[in-house]
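Below is the file work-v7.cif, which contains mmCIF, C-alpha atoms.
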```cif
data_my_file
#
loop_
_atom_site.label_atom_id
_atom_site.label_comp_id
_atom_site.auth_asym_id
_atom_site.auth_seq_id
_atom_site.Cartn_x
_atom_site.Cartn_y
_atom_site.Cartn_z
CA MET A 171 25.28 -6.48 -1.13
CA TYR A 172 21.47 -6.45 -1.33
CA LYS A 173 20.80 -9.67 0.56
CA GLU A 174 18.61 -8.12 3.26
CA ILE A 175 16.21 -6.20 1.04
CA ARG A 176 15.99 -9.19 -1.32
CA ARG A 177 14.94 -11.32 1.66
CA GLU A 178 12.45 -8.72 2.90
CA ALA A 179 10.89 -8.29 -0.54
CA TYR A 180 10.72 -12.04 -1.12
CA GLU A 181 9.05 -12.74 2.25
CA ALA A 182 6.55 -9.94 1.67
CA ASN A 183 5.66 -11.15 -1.81
CA ILE A 184 5.09 -14.77 -0.82
CA ALA A 185 2.99 -13.61 2.15
CA LEU A 186 0.44 -12.01 -0.19
CA PRO A 187 -1.08 -15.21 -1.66
CA LYS A 188 -0.85 -16.88 1.76
CA GLN A 189 -3.03 -14.08 3.11
CA GLY A 190 -5.56 -14.49 0.29
CA LEU A 191 -4.73 -11.11 -1.23
CA ILE A 192 -3.50 -12.31 -4.62
CA ASN A 193 -5.05 -14.05 -7.61
CA LEU A 194 -2.82 -15.33 -10.42
CA THR A 195 0.25 -13.04 -10.55
CA PHE A 196 -1.56 -9.78 -9.73
CA GLY A 197 0.27 -7.66 -7.19
CA ASN A 198 3.78 -7.04 -5.90
CA ALA A 199 5.81 -5.88 -2.93
CA SER A 200 9.04 -3.91 -2.64
CA ALA A 201 11.55 -3.15 0.13
CA VAL A 202 13.86 -0.14 0.13
CA ASP A 203 17.43 0.47 1.29
CA ARG A 204 17.58 4.25 1.58
CA ASP A 205 21.28 4.33 2.41
CA LYS A 206 22.02 2.74 -0.97
CA ALA A 207 19.07 4.47 -2.71
CA VAL A 208 17.76 1.19 -4.14
CA PHE A 209 14.78 -1.10 -3.66
CA ALA A 210 14.07 -4.78 -4.30
CA ILE A 211 10.86 -5.69 -6.11
CA LYS A 212 9.09 -8.76 -7.52
CA PRO A 213 9.94 -9.71 -11.11
CA SER A 214 7.14 -9.14 -13.59
CA GLY A 215 4.67 -11.95 -14.25
CA VAL A 216 6.54 -14.61 -12.28
CA ASP A 217 4.34 -17.06 -10.39
CA TYR A 218 4.55 -16.67 -6.65
CA ALA A 219 5.49 -20.34 -6.27
CA ASP A 220 8.59 -19.71 -8.38
CA LEU A 221 9.88 -16.72 -6.44
CA THR A 222 13.20 -16.82 -4.58
CA PRO A 223 15.16 -14.11 -2.77
CA GLY A 224 17.67 -14.28 -5.61
CA ASN A 225 15.22 -13.38 -8.36
CA MET A 226 14.05 -10.17 -6.69
CA VAL A 227 15.15 -7.29 -8.93
CA ILE A 228 17.21 -4.39 -7.52
CA VAL A 229 16.23 -0.98 -8.92
CA ASP A 230 17.72 2.42 -8.07
CA PHE A 231 15.84 5.65 -7.45
CA GLU A 232 16.42 6.70 -11.07
CA GLY A 233 14.62 3.59 -12.30
CA ASN A 234 17.71 1.71 -13.46
CA ILE A 235 18.11 -2.03 -12.88
CA VAL A 236 21.13 -2.38 -10.62
CA GLU A 237 21.05 -6.13 -10.21
CA GLY A 238 18.89 -8.98 -11.47
CA ASN A 239 18.34 -11.02 -14.61
CA LEU A 240 14.57 -10.61 -14.82
CA ARG A 241 12.35 -7.70 -15.78
CA PRO A 242 10.99 -5.95 -12.67
CA SER A 243 7.29 -5.58 -11.97
CA SER A 244 5.43 -3.35 -14.40
CA ASP A 245 4.37 -1.33 -11.34
CA THR A 246 7.99 -0.48 -10.48
CA PRO A 247 7.64 3.21 -11.47
CA THR A 248 4.72 3.58 -9.06
CA HIS A 249 6.75 2.09 -6.21
CA ARG A 250 9.67 4.35 -7.11
CA ARG A 251 7.43 7.44 -7.13
CA LEU A 252 6.12 6.58 -3.67
CA PHE A 253 9.60 5.97 -2.24
CA LEU A 254 10.71 9.34 -3.57
CA ALA A 255 7.66 11.19 -2.22
CA PHE A 256 7.17 9.44 1.13
CA GLU A 257 10.57 9.41 2.79
CA GLU A 258 9.20 7.79 5.95
CA ILE A 259 8.26 4.50 4.28
CA GLY A 260 10.38 1.38 3.88
CA GLY A 261 8.11 -0.82 1.79
CA VAL A 262 5.20 -0.75 -0.66
CA VAL A 263 2.61 -3.42 -1.43
CA HIS A 264 0.14 -3.51 -4.31
CA THR A 265 -2.68 -6.04 -4.49
CA HIS A 266 -5.96 -6.54 -6.29
CA SER A 267 -7.66 -7.96 -3.21
CA THR A 268 -11.35 -8.38 -4.00
CA ARG A 269 -13.27 -6.09 -1.68
CA ALA A 270 -10.77 -3.26 -1.50
CA THR A 271 -10.55 -3.36 -5.29
CA ALA A 272 -14.34 -3.16 -5.49
CA PHE A 273 -14.21 0.17 -3.64
CA ALA A 274 -11.37 1.33 -5.93
CA GLN A 275 -13.25 0.37 -9.08
CA ALA A 276 -16.30 2.24 -7.80
CA GLY A 277 -14.12 5.28 -7.10
CA ARG A 278 -15.22 5.30 -3.47
CA ALA A 279 -13.14 5.92 -0.38
CA ILE A 280 -13.73 3.44 2.45
CA PRO A 281 -15.45 5.32 5.28
CA ASN A 282 -14.14 4.76 8.78
CA PHE A 283 -17.08 3.04 10.44
CA GLY A 284 -15.46 1.47 13.49
CA THR A 285 -12.53 0.77 15.73
CA THR A 286 -10.90 -1.92 13.58
CA HIS A 287 -10.49 0.66 10.83
CA ALA A 288 -9.44 3.33 13.36
CA ASP A 289 -6.61 1.13 14.63
CA TYR A 290 -4.86 1.65 11.27
CA PHE A 291 -6.19 4.87 9.72
CA TYR A 292 -6.88 8.32 11.11
CA GLY A 293 -9.95 8.61 8.90
CA GLU A 294 -11.21 7.08 5.67
CA ILE A 295 -9.06 5.08 3.27
CA PRO A 296 -8.69 7.70 0.55
CA VAL A 297 -9.31 7.22 -3.15
CA THR A 298 -7.54 9.07 -5.95
CA ARG A 299 -9.17 10.98 -8.76
CA LYS A 300 -9.54 9.25 -12.10
CA MET A 301 -6.49 9.40 -14.32
CA THR A 302 -6.79 11.48 -17.46
CA PRO A 303 -6.49 9.96 -20.96
CA GLU A 304 -3.18 11.80 -21.33
CA GLU A 305 -1.81 10.29 -18.10
CA ILE A 306 -2.92 6.81 -19.12
CA ALA A 307 -1.38 7.15 -22.58
CA SER A 308 1.98 8.44 -21.36
CA ALA A 309 4.10 7.03 -18.51
CA TYR A 310 1.11 5.22 -17.03
CA GLU A 311 2.72 3.60 -13.98
CA TRP A 312 4.69 6.73 -13.05
CA GLU A 313 1.53 8.83 -13.46
CA THR A 314 -0.29 6.37 -11.19
CA GLY A 315 2.26 7.29 -8.54
CA ASN A 316 1.72 10.96 -9.28
CA VAL A 317 -2.05 10.80 -8.68
CA ILE A 318 -1.39 9.05 -5.38
CA VAL A 319 1.10 11.73 -4.33
CA GLU A 320 -1.36 14.40 -5.42
CA ARG A 321 -4.07 12.86 -3.22
CA PHE A 322 -1.70 12.94 -0.25
CA LYS A 323 -0.85 16.63 -0.60
CA ASP A 324 -2.46 17.34 2.78
CA LEU A 325 -2.26 13.87 4.35
CA ASN A 326 0.43 12.19 6.44
CA PRO A 327 1.20 8.87 4.70
CA LEU A 328 1.83 7.17 8.05
CA ASP A 329 -1.59 8.27 9.34
CA PHE A 330 -3.18 6.97 6.11
CA PRO A 331 -0.95 4.03 5.05
CA ALA A 332 -2.98 3.05 1.99
CA VAL A 333 -4.78 4.46 -1.00
CA LEU A 334 -7.32 3.18 -3.51
CA VAL A 335 -6.34 4.08 -7.05
CA ASN A 336 -9.55 4.95 -8.88
CA ARG A 337 -10.65 2.19 -11.30
CA HIS A 338 -7.58 0.20 -10.25
CA ALA A 339 -6.77 -1.26 -6.81
CA PRO A 340 -5.08 -0.57 -3.45
CA PHE A 341 -1.50 0.34 -2.65
CA THR A 342 -0.29 0.13 0.94
CA TRP A 343 2.95 1.05 2.68
CA GLY A 344 4.68 1.15 6.03
CA LYS A 345 7.97 1.77 7.77
CA THR A 346 8.90 -1.76 6.63
CA VAL A 347 7.56 -3.90 3.83
CA ALA A 348 6.34 -6.39 6.45
CA LYS A 349 4.21 -3.59 7.89
CA ALA A 350 2.93 -2.77 4.41
CA VAL A 351 1.78 -6.40 4.09
CA GLU A 352 0.00 -6.13 7.45
CA VAL A 353 -1.77 -2.99 6.26
CA ALA A 354 -2.79 -4.74 3.02
CA VAL A 355 -4.43 -7.49 5.10
CA ALA A 356 -6.14 -4.86 7.26
CA VAL A 357 -7.40 -2.94 4.21
CA GLU A 358 -9.10 -6.02 2.77
CA CYS A 359 -10.62 -6.83 6.16
CA ILE A 360 -11.81 -3.23 6.58
CA ALA A 361 -13.31 -3.20 3.08
CA ASP A 362 -15.19 -6.43 3.80
CA MET A 363 -16.60 -5.08 7.07
CA ALA A 364 -17.52 -1.75 5.43
CA LEU A 365 -19.50 -3.50 2.69
CA SER A 366 -21.33 -5.63 5.26
CA SER A 367 -22.01 -2.59 7.45
CA LEU A 368 -23.47 -0.67 4.52
CA GLN A 369 -25.71 -3.63 3.68
CA LEU A 370 -27.02 -3.63 7.24
CA GLU A 371 -27.28 0.15 7.49
CA PRO A 372 -27.04 1.99 4.14
CA GLY A 373 -27.11 5.37 5.90
CA LEU A 374 -24.37 4.53 8.40
CA LYS A 375 -22.29 7.53 9.46
CA PRO A 376 -18.51 7.46 10.10
CA ILE A 377 -17.14 6.72 13.55
CA GLU A 378 -17.40 9.45 16.19
CA GLN A 379 -14.28 11.64 16.38
CA GLU A 380 -13.68 10.83 20.05
CA LEU A 381 -13.61 7.09 19.38
CA LEU A 382 -11.45 7.55 16.29
CA ASP A 383 -8.96 9.60 18.32
CA LYS A 384 -8.85 7.05 21.11
CA HIS A 385 -8.20 4.03 18.92
CA PHE A 386 -5.79 5.60 16.46
CA LEU A 387 -3.75 7.60 18.96
CA ARG A 388 -3.42 4.82 21.51
CA LYS A 389 -1.51 2.89 18.84
CA HIS A 390 0.17 5.66 16.86
CA GLY A 391 0.13 8.88 18.88
CA ALA A 392 2.91 10.51 20.89
CA THR A 393 1.57 8.87 24.06
CA ALA A 394 0.71 5.51 22.47
CA TYR A 395 0.32 2.71 24.99
CA TYR A 396 -0.88 -0.23 22.86
CA GLY A 397 1.55 -3.14 22.50
CA GLN A 398 5.14 -3.38 23.67
CA PRO A 399 7.82 -0.68 23.38
CA GLU A 400 10.12 -1.05 20.39
#
```
What would the structure in this file look like if it were written as structure tokens?
Amino acid sequence: MYKEIRREAYEANIALPKQGLINLTFGNASAVDRDKAVFAIKPSGVDYADLTPGNMVIVDFEGNIVEGNLRPSSDTPTHRRLFLAFEEIGGVVHTHSTRATAFAQAGRAIPNFGTTHADYFYGEIPVTRKMTPEEIASAYEWETGNVIVERFKDLNPLDFPAVLVNRHAPFTWGKTVAKAVEVAVAVECIADMALSSLQLEPGLKPIEQELLDKHFLRKHGATAYYGQPE
């Protein structure tokens, strides 16, 4: 019944270490089936080499385990919160990739310095506020989702398909979980280039609006012409 989202979630999860985005068992990916109101997610603490499509855990939008013998990722409530808030997305990825996590730990958004960044984001990669002691002490993972949703009050999640959780690490998403993986790769690449750019020019200003518009809208706008038609 859930074969397809199990496959999608499995392929996304095993792609993360292959792309150099994962150390140890940090990180996870999930794929949603909105018609059935469920998503498949990595089991908690399981080594990536031991993953199979069959051990992906199926969770419903109420947070109940629908199918699976293993405990789902500890970040499952965050994924669930994002699926509920961002109806356009089909997958979520969480990593602790080194350079993007450095920005998150510093509580700094990643400025949009150039066209590589502008191909994916219509501005900076945003960062959340710090979580309060009360949020941390209560339903921590659900509250992590809440601070992300709060940060996106005035942002389109498809124009800004990632966030840096302050003191934590990045979450990315997309219309599919495969796209969320692609964005996770792009975020780490963008973070690396931003750090190098700031070393070369500490006072570097963000990309000019005209160039940002051109690169983002040619891929994502109403009259996009980059790539092949879907």
For this session: Would you translate the PyMOL selection byres ((chain A and resi 364-373) around 8) into the concrete set of residues it matches in this file, as an MDAnalysis selection string?
Result: chainID A and resid 280:281 283 360:363 374:375
Take the residues from that selection and write them out as a short mmCIF file (atom, residue, chain, number, x, y, z; two decimals), in the coordinates of the input, keeping C-alpha atoms.
```cif
data_model
loop_
_atom_site.label_atom_id
_atom_site.label_comp_id
_atom_site.auth_asym_id
_atom_site.auth_seq_id
_atom_site.Cartn_x
_atom_site.Cartn_y
_atom_site.Cartn_z
CA ILE A 280 -13.73 3.44 2.45
CA PRO A 281 -15.45 5.32 5.28
CA PHE A 283 -17.08 3.04 10.44
CA ILE A 360 -11.81 -3.23 6.58
CA ALA A 361 -13.31 -3.20 3.08
CA ASP A 362 -15.19 -6.43 3.80
CA MET A 363 -16.60 -5.08 7.07
CA LEU A 374 -24.37 4.53 8.40
CA LYS A 375 -22.29 7.53 9.46
#
```
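Distances to Glu178 (chain A) were evaluated for A:Val351, A:Ile318, A:Cys359, A:Leu191 using all atoms listed in the file, and the minimum falls at A:Val351.
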Problem set entry | Å distance separating CA of Glu358 (chain A) from CA of Ala199 (chain A), one decimal place | 16.0 Å
Near region 180-183 of chain A, 12 Å: region 216-281 of chain A residue rows, closest pairs, only C-alpha atoms, as a Markdown table:
```
| residue | atom | partner | partner_atom | distance |
| --- | --- | --- | --- | --- |
| A:Val216 | CA | A:Asn183 | CA | 11.1 |
| A:Asp217 | CA | A:Asn183 | CA | 10.5 |
| A:Tyr218 | CA | A:Asn183 | CA | 7.4 |
| A:Ala219 | CA | A:Asn183 | CA | 10.2 |
| A:Asp220 | CA | A:Tyr180 | CA | 10.8 |
| A:Leu221 | CA | A:Tyr180 | CA | 7.1 |
| A:Thr222 | CA | A:Tyr180 | CA | 6.4 |
| A:Pro223 | CA | A:Tyr180 | CA | 5.2 |
| A:Gly224 | CA | A:Tyr180 | CA | 8.6 |
| A:Asn225 | CA | A:Tyr180 | CA | 8.6 |
| A:Met226 | CA | A:Tyr180 | CA | 6.8 |
| A:Val227 | CA | A:Tyr180 | CA | 10.2 |
| A:Ile228 | CA | A:Tyr180 | CA | 11.9 |
| A:Ser243 | CA | A:Asn183 | CA | 11.7 |
| A:Gly261 | CA | A:Ala182 | CA | 9.3 |
| A:Val262 | CA | A:Ala182 | CA | 9.6 |
| A:Val263 | CA | A:Ala182 | CA | 8.2 |
| A:His264 | CA | A:Asn183 | CA | 9.8 |
| A:Thr265 | CA | A:Asn183 | CA | 10.1 |
```
Restricting the output to C-alpha atoms, write the selected residues as a JSON list (two decimals), in the frame of the given file.
```
[["chain", "number", "residue", "atom", "x", "y", "z"],
["A", 216, "VAL", "CA", 6.54, -14.61, -12.28],
["A", 217, "ASP", "CA", 4.34, -17.06, -10.39],
["A", 218, "TYR", "CA", 4.55, -16.67, -6.65],
["A", 219, "ALA", "CA", 5.49, -20.34, -6.27],
["A", 220, "ASP", "CA", 8.59, -19.71, -8.38],
["A", 221, "LEU", "CA", 9.88, -16.72, -6.44],
["A", 222, "THR", "CA", 13.20, -16.82, -4.58],
["A", 223, "PRO", "CA", 15.16, -14.11, -2.77],
["A", 224, "GLY", "CA", 17.67, -14.28, -5.61],
["A", 225, "ASN", "CA", 15.22, -13.38, -8.36],
["A", 226, "MET", "CA", 14.05, -10.17, -6.69],
["A", 227, "VAL", "CA", 15.15, -7.29, -8.93],
["A", 228, "ILE", "CA", 17.21, -4.39, -7.52],
["A", 243, "SER", "CA", 7.29, -5.58, -11.97],
["A", 261, "GLY", "CA", 8.11, -0.82, 1.79],
["A", 262, "VAL", "CA", 5.20, -0.75, -0.66],
["A", 263, "VAL", "CA", 2.61, -3.42, -1.43],
["A", 264, "HIS", "CA", 0.14, -3.51, -4.31],
["A", 265, "THR", "CA", -2.68, -6.04, -4.49]]
```
Take the PyMOL selection byres ((chain A and resi 317) around 12), apply it to the structure above, and return the hits as a compact mmCIF listing (two decimals) with C-alpha atoms, in the coordinates of the input.
```
# COMPACT_ATOMS: atom_id res chain seq x y z
CA THR A 248 4.72 3.58 -9.06
CA ARG A 251 7.43 7.44 -7.13
CA LEU A 252 6.12 6.58 -3.67
CA ALA A 255 7.66 11.19 -2.22
CA PRO A 296 -8.69 7.70 0.55
CA VAL A 297 -9.31 7.22 -3.15
CA THR A 298 -7.54 9.07 -5.95
CA ARG A 299 -9.17 10.98 -8.76
CA LYS A 300 -9.54 9.25 -12.10
CA MET A 301 -6.49 9.40 -14.32
CA THR A 302 -6.79 11.48 -17.46
CA GLU A 305 -1.81 10.29 -18.10
CA ILE A 306 -2.92 6.81 -19.12
CA TYR A 310 1.11 5.22 -17.03
CA GLU A 311 2.72 3.60 -13.98
CA TRP A 312 4.69 6.73 -13.05
CA GLU A 313 1.53 8.83 -13.46
CA THR A 314 -0.29 6.37 -11.19
CA GLY A 315 2.26 7.29 -8.54
CA ASN A 316 1.72 10.96 -9.28
CA ILE A 318 -1.39 9.05 -5.38
CA VAL A 319 1.10 11.73 -4.33
CA GLU A 320 -1.36 14.40 -5.42
CA ARG A 321 -4.07 12.86 -3.22
CA PHE A 322 -1.70 12.94 -0.25
CA LYS A 323 -0.85 16.63 -0.60
CA VAL A 333 -4.78 4.46 -1.00
CA LEU A 334 -7.32 3.18 -3.51
CA VAL A 335 -6.34 4.08 -7.05
CA ASN A 336 -9.55 4.95 -8.88
```
For this session: Starting from the shown file, work through the PyMOL selection byres ((chain A and resi 242) around 7) and note down what comes out as an MDAnalysis selection string.
Result: chainID A and resid 211:214 227 240:241 243:244 246
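Of note, CA of Ile184 (chain A) and CA of Gln275 (chain A) are spaced 25.2 Å apart.
Summary of the local environment: counting only C-alpha atoms, residues at most 10 Å from Ser267 (chain A), other than itself and those fewer than 3 positions away along its chain, are A:Leu186, A:Pro187, A:Gln189, A:Gly190, A:Leu191, A:Ile192, A:Asn193, A:Phe196, A:Gly197, A:His264, A:Ala270, A:Thr271, A:Ala272, A:Ala339, A:Pro340, A:Ala354, A:Val355, A:Val357, A:Glu358, A:Cys359, A:Ala361.
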Exercise. Could you work out how far CA of Arg250 (chain A) lies from CA of Pro327 (chain A), giving the answer in Å with one decimal?
Worked result: 15.2 Å
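Nearest to Val202 (chain A) of all the residues A:Asp245, A:Glu232, A:Glu174, A:Glu304 is A:Glu174, based on only C-alpha atoms.
Proximity ranking of A:Arg278, A:His287, A:Lys206, A:His338 relative to Asp383 (chain A) places A:His287 first, based on all atoms listed in the file.
The nearest approach to Ala179 (chain A) among the residues A:Leu194, A:Ala201, A:Leu381, A:Ala207, with only C-alpha atoms taken into account, belongs to A:Ala201.
Among the candidate residues A:Lys188, A:Leu387, A:Phe253, A:Met171, the one lying nearest to Gly344 (chain A) is A:Phe253, with distances computed using only C-alpha atoms.
Residue nearest Asp230 (chain A) within the list A:Thr393, A:Thr286, A:Asn198, A:Tyr172: A:Tyr172 [criterion: smallest interatomic distance, all atoms listed in the file].
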